[in-house]
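Below is one structure, written out as structure tokens; comments come after it.
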Amino acid sequence: MSSPFPMPAGEGLELRLFEEAEAEELFALVDANRAYLRQWLPWLDANTEVEHSRDFIRATREQQADRNGFTCGIRWRGRLVGVVGVHAIDWPNRKTSLGYWVAEPDQGRGLVTRACAALLPYLFEELGLNCVEIGCAVGNTRSNAIPARLGFKQEGVLRQRERLYDRFVDHVVYSLLAAEWRQRR
């Protein structure tokens, strides 16, 4: 199976697997958006230097080499604006989940929706997965809008699913099945 990356996602948007050489760029984006991202992402306090981003990139490349998911930089007009990742793949059950974030100044442009939409054909057709899930903190309105726009169905709410620094948050879980995706196409 050939690699689909870099993967075009329409109108100047591209998904690319991270290379170690991009660690400084990734860290700079995280650092510039730290306060904004900290509202919904639990790993900001553990990412305090470029080497942490380099370690993250190495781990995602190993994950991809092991056919157990992958992480891409979301590039809009050549500029890194966010991240989308395919989490660990449950091969016996043919399912995975997506995670994503985008820099605050680039919110509201549909970039993450387009990035996720670009990944779905690869996940369902090339990898043969049956189910893709997305989980979002209940109060994260922008993040919850993405699976809804993509036709995912709300499965339910997992109570106190994630610890965000000083509190626990509930997650809304959405899923899209291969058959549903094919019908929509």
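Ligands are numbered from 1 in the order shown, chains are lettered A, B, ... in the order of the structure tokens, and residues start at 1 in each chain.
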
Sorted by chain and rising residue number, list the residues of region 90-144 of chain A at most 7 Å from region 164-182 of chain A (counting only C-alpha atoms), each with its closest atom pair and distance in Å to one decimal, as CSV.
```
residue,atom,partner,partner_atom,distance
A:Phe124,CA,A:Ala178,CA,5.9
A:Asn130,CA,A:Ala178,CA,4.9
A:Cys131,CA,A:Leu177,CA,4.5
A:Val132,CA,A:Leu176,CA,5.4
A:Glu133,CA,A:Ser175,CA,4.3
A:Ile134,CA,A:Tyr174,CA,5.2
A:Gly135,CA,A:Val173,CA,4.4
A:Cys136,CA,A:His171,CA,5.1
A:Ala137,CA,A:His171,CA,4.3
A:Val138,CA,A:His171,CA,5.3
```

Would you put the residues from that selection into a file with N, CA and C atoms, as a PDB file, in the first residue's frame?
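Contents of the output file again.pdb:
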```pdb
ATOM      1  N   PHE A 124     -11.395   4.394   5.442  1.00  0.00           N
ATOM      2  CA  PHE A 124     -12.430   3.420   5.096  1.00  0.00           C
ATOM      3  C   PHE A 124     -12.068   2.577   3.875  1.00  0.00           C
ATOM      4  N   ASN A 130     -13.899  -0.077   9.732  1.00  0.00           N
ATOM      5  CA  ASN A 130     -15.358  -0.075   9.773  1.00  0.00           C
ATOM      6  C   ASN A 130     -15.923   1.078  10.587  1.00  0.00           C
ATOM      7  N   CYS A 131     -15.151   1.588  11.543  1.00  0.00           N
ATOM      8  CA  CYS A 131     -15.679   2.621  12.433  1.00  0.00           C
ATOM      9  C   CYS A 131     -14.591   3.633  12.783  1.00  0.00           C
ATOM     10  N   VAL A 132     -14.941   4.901  12.689  1.00  0.00           N
ATOM     11  CA  VAL A 132     -14.057   5.988  13.116  1.00  0.00           C
ATOM     12  C   VAL A 132     -14.813   6.780  14.175  1.00  0.00           C
ATOM     13  N   GLU A 133     -14.165   7.032  15.293  1.00  0.00           N
ATOM     14  CA  GLU A 133     -14.778   7.777  16.389  1.00  0.00           C
ATOM     15  C   GLU A 133     -14.067   9.112  16.593  1.00  0.00           C
ATOM     16  N   ILE A 134     -14.798  10.043  17.155  1.00  0.00           N
ATOM     17  CA  ILE A 134     -14.240  11.317  17.604  1.00  0.00           C
ATOM     18  C   ILE A 134     -14.830  11.591  18.970  1.00  0.00           C
ATOM     19  N   GLY A 135     -13.981  11.915  19.934  1.00  0.00           N
ATOM     20  CA  GLY A 135     -14.436  12.286  21.270  1.00  0.00           C
ATOM     21  C   GLY A 135     -14.047  13.721  21.557  1.00  0.00           C
ATOM     22  N   CYS A 136     -14.989  14.493  22.104  1.00  0.00           N
ATOM     23  CA  CYS A 136     -14.759  15.913  22.391  1.00  0.00           C
ATOM     24  C   CYS A 136     -15.294  16.239  23.780  1.00  0.00           C
ATOM     25  N   ALA A 137     -14.614  17.105  24.474  1.00  0.00           N
ATOM     26  CA  ALA A 137     -15.125  17.568  25.764  1.00  0.00           C
ATOM     27  C   ALA A 137     -16.483  18.234  25.548  1.00  0.00           C
ATOM     28  N   VAL A 138     -17.389  17.999  26.478  1.00  0.00           N
ATOM     29  CA  VAL A 138     -18.762  18.484  26.345  1.00  0.00           C
ATOM     30  C   VAL A 138     -18.820  19.979  26.045  1.00  0.00           C
TER      31      VAL A 138
END
```

If you count only C-alpha atoms, which residues fall within 9 Å of region 116-121 of chain A, apart from same-chain ones fewer than 3 positions away, as number ranges by chain?
A: 7-10, 15, 84, 86, 98, 100, 111-113, 124-127, 132, 146-147, 150, 181

Of A:Ser143, A:Ser97, A:Asn47, A:Gln107, the one nearest to Val81 (chain A) when counting only C-alpha atoms is A:Gln107

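Minimum atom-to-atom distances from A:Arg79, A:Phe5, A:Glu162, A:Phe18 to Trp43 (chain A) were compared using only C-alpha atoms, and the lowest value belongs to A:Glu162.
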
Using only C-alpha atoms, determine which residues lie at most 12 Å from His52 (chain A), disregarding the query and same-chain residues fewer than 2 positions distant; provide the list as a list in words.
Glu20, Ala23, Glu24, Leu26, Phe27, Ala28, Val30, Asp31, Trp43, Leu44, Asp45, Ala46, Asn47, Thr48, Glu49, Val50, Arg54, Asp55, Phe56, Ile57, Arg58 and Ala59 of chain A

How would the residues just chosen look if you wrote them out with N, CA and C atoms as a compact mmCIF listing (two decimals), in the first residue's frame?
```txt
# COMPACT_ATOMS: atom_id res chain seq x y z
N GLU A 20 11.18 14.96 11.83
CA GLU A 20 11.89 15.50 12.99
C GLU A 20 12.35 16.93 12.78
N ALA A 23 10.29 19.88 14.26
CA ALA A 23 10.06 19.98 15.71
C ALA A 23 10.01 21.43 16.19
N GLU A 24 10.92 22.25 15.71
CA GLU A 24 10.93 23.65 16.15
C GLU A 24 9.67 24.38 15.70
N LEU A 26 6.72 23.03 15.03
CA LEU A 26 5.60 22.51 15.80
C LEU A 26 5.60 23.10 17.21
N PHE A 27 6.77 23.10 17.85
CA PHE A 27 6.84 23.65 19.20
C PHE A 27 6.46 25.13 19.22
N ALA A 28 6.91 25.89 18.24
CA ALA A 28 6.58 27.32 18.18
C ALA A 28 5.08 27.52 18.05
N VAL A 30 2.69 25.39 19.07
CA VAL A 30 2.11 25.03 20.37
C VAL A 30 2.34 26.16 21.37
N ASP A 31 3.55 26.64 21.44
CA ASP A 31 3.90 27.67 22.42
C ASP A 31 3.11 28.96 22.20
N TRP A 43 -2.05 17.95 27.65
CA TRP A 43 -0.61 17.68 27.56
C TRP A 43 0.27 18.92 27.49
N LEU A 44 -0.30 20.11 27.61
CA LEU A 44 0.48 21.34 27.42
C LEU A 44 1.59 21.51 28.46
N ASP A 45 1.32 21.15 29.71
CA ASP A 45 2.33 21.33 30.76
C ASP A 45 3.52 20.38 30.59
N ALA A 46 3.34 19.31 29.81
CA ALA A 46 4.42 18.35 29.56
C ALA A 46 5.16 18.66 28.26
N ASN A 47 4.77 19.72 27.58
CA ASN A 47 5.41 20.10 26.32
C ASN A 47 5.97 21.51 26.50
N THR A 48 7.19 21.57 27.03
CA THR A 48 7.76 22.87 27.41
C THR A 48 9.04 23.23 26.67
N GLU A 49 9.48 22.35 25.77
CA GLU A 49 10.70 22.64 25.01
C GLU A 49 10.66 21.90 23.68
N VAL A 50 11.49 22.34 22.77
CA VAL A 50 11.52 21.76 21.42
C VAL A 50 11.75 20.25 21.47
N ARG A 54 10.05 17.10 19.44
CA ARG A 54 10.85 16.13 18.67
C ARG A 54 10.51 14.70 19.12
N ASP A 55 10.39 14.48 20.43
CA ASP A 55 10.02 13.16 20.95
C ASP A 55 8.63 12.75 20.46
N PHE A 56 7.71 13.71 20.44
CA PHE A 56 6.36 13.45 19.94
C PHE A 56 6.41 13.02 18.47
N ILE A 57 7.17 13.72 17.67
CA ILE A 57 7.27 13.38 16.25
C ILE A 57 7.87 11.99 16.08
N ARG A 58 8.92 11.68 16.82
CA ARG A 58 9.51 10.33 16.75
C ARG A 58 8.47 9.26 17.09
N ALA A 59 7.71 9.50 18.14
CA ALA A 59 6.69 8.53 18.57
C ALA A 59 5.62 8.35 17.49
```
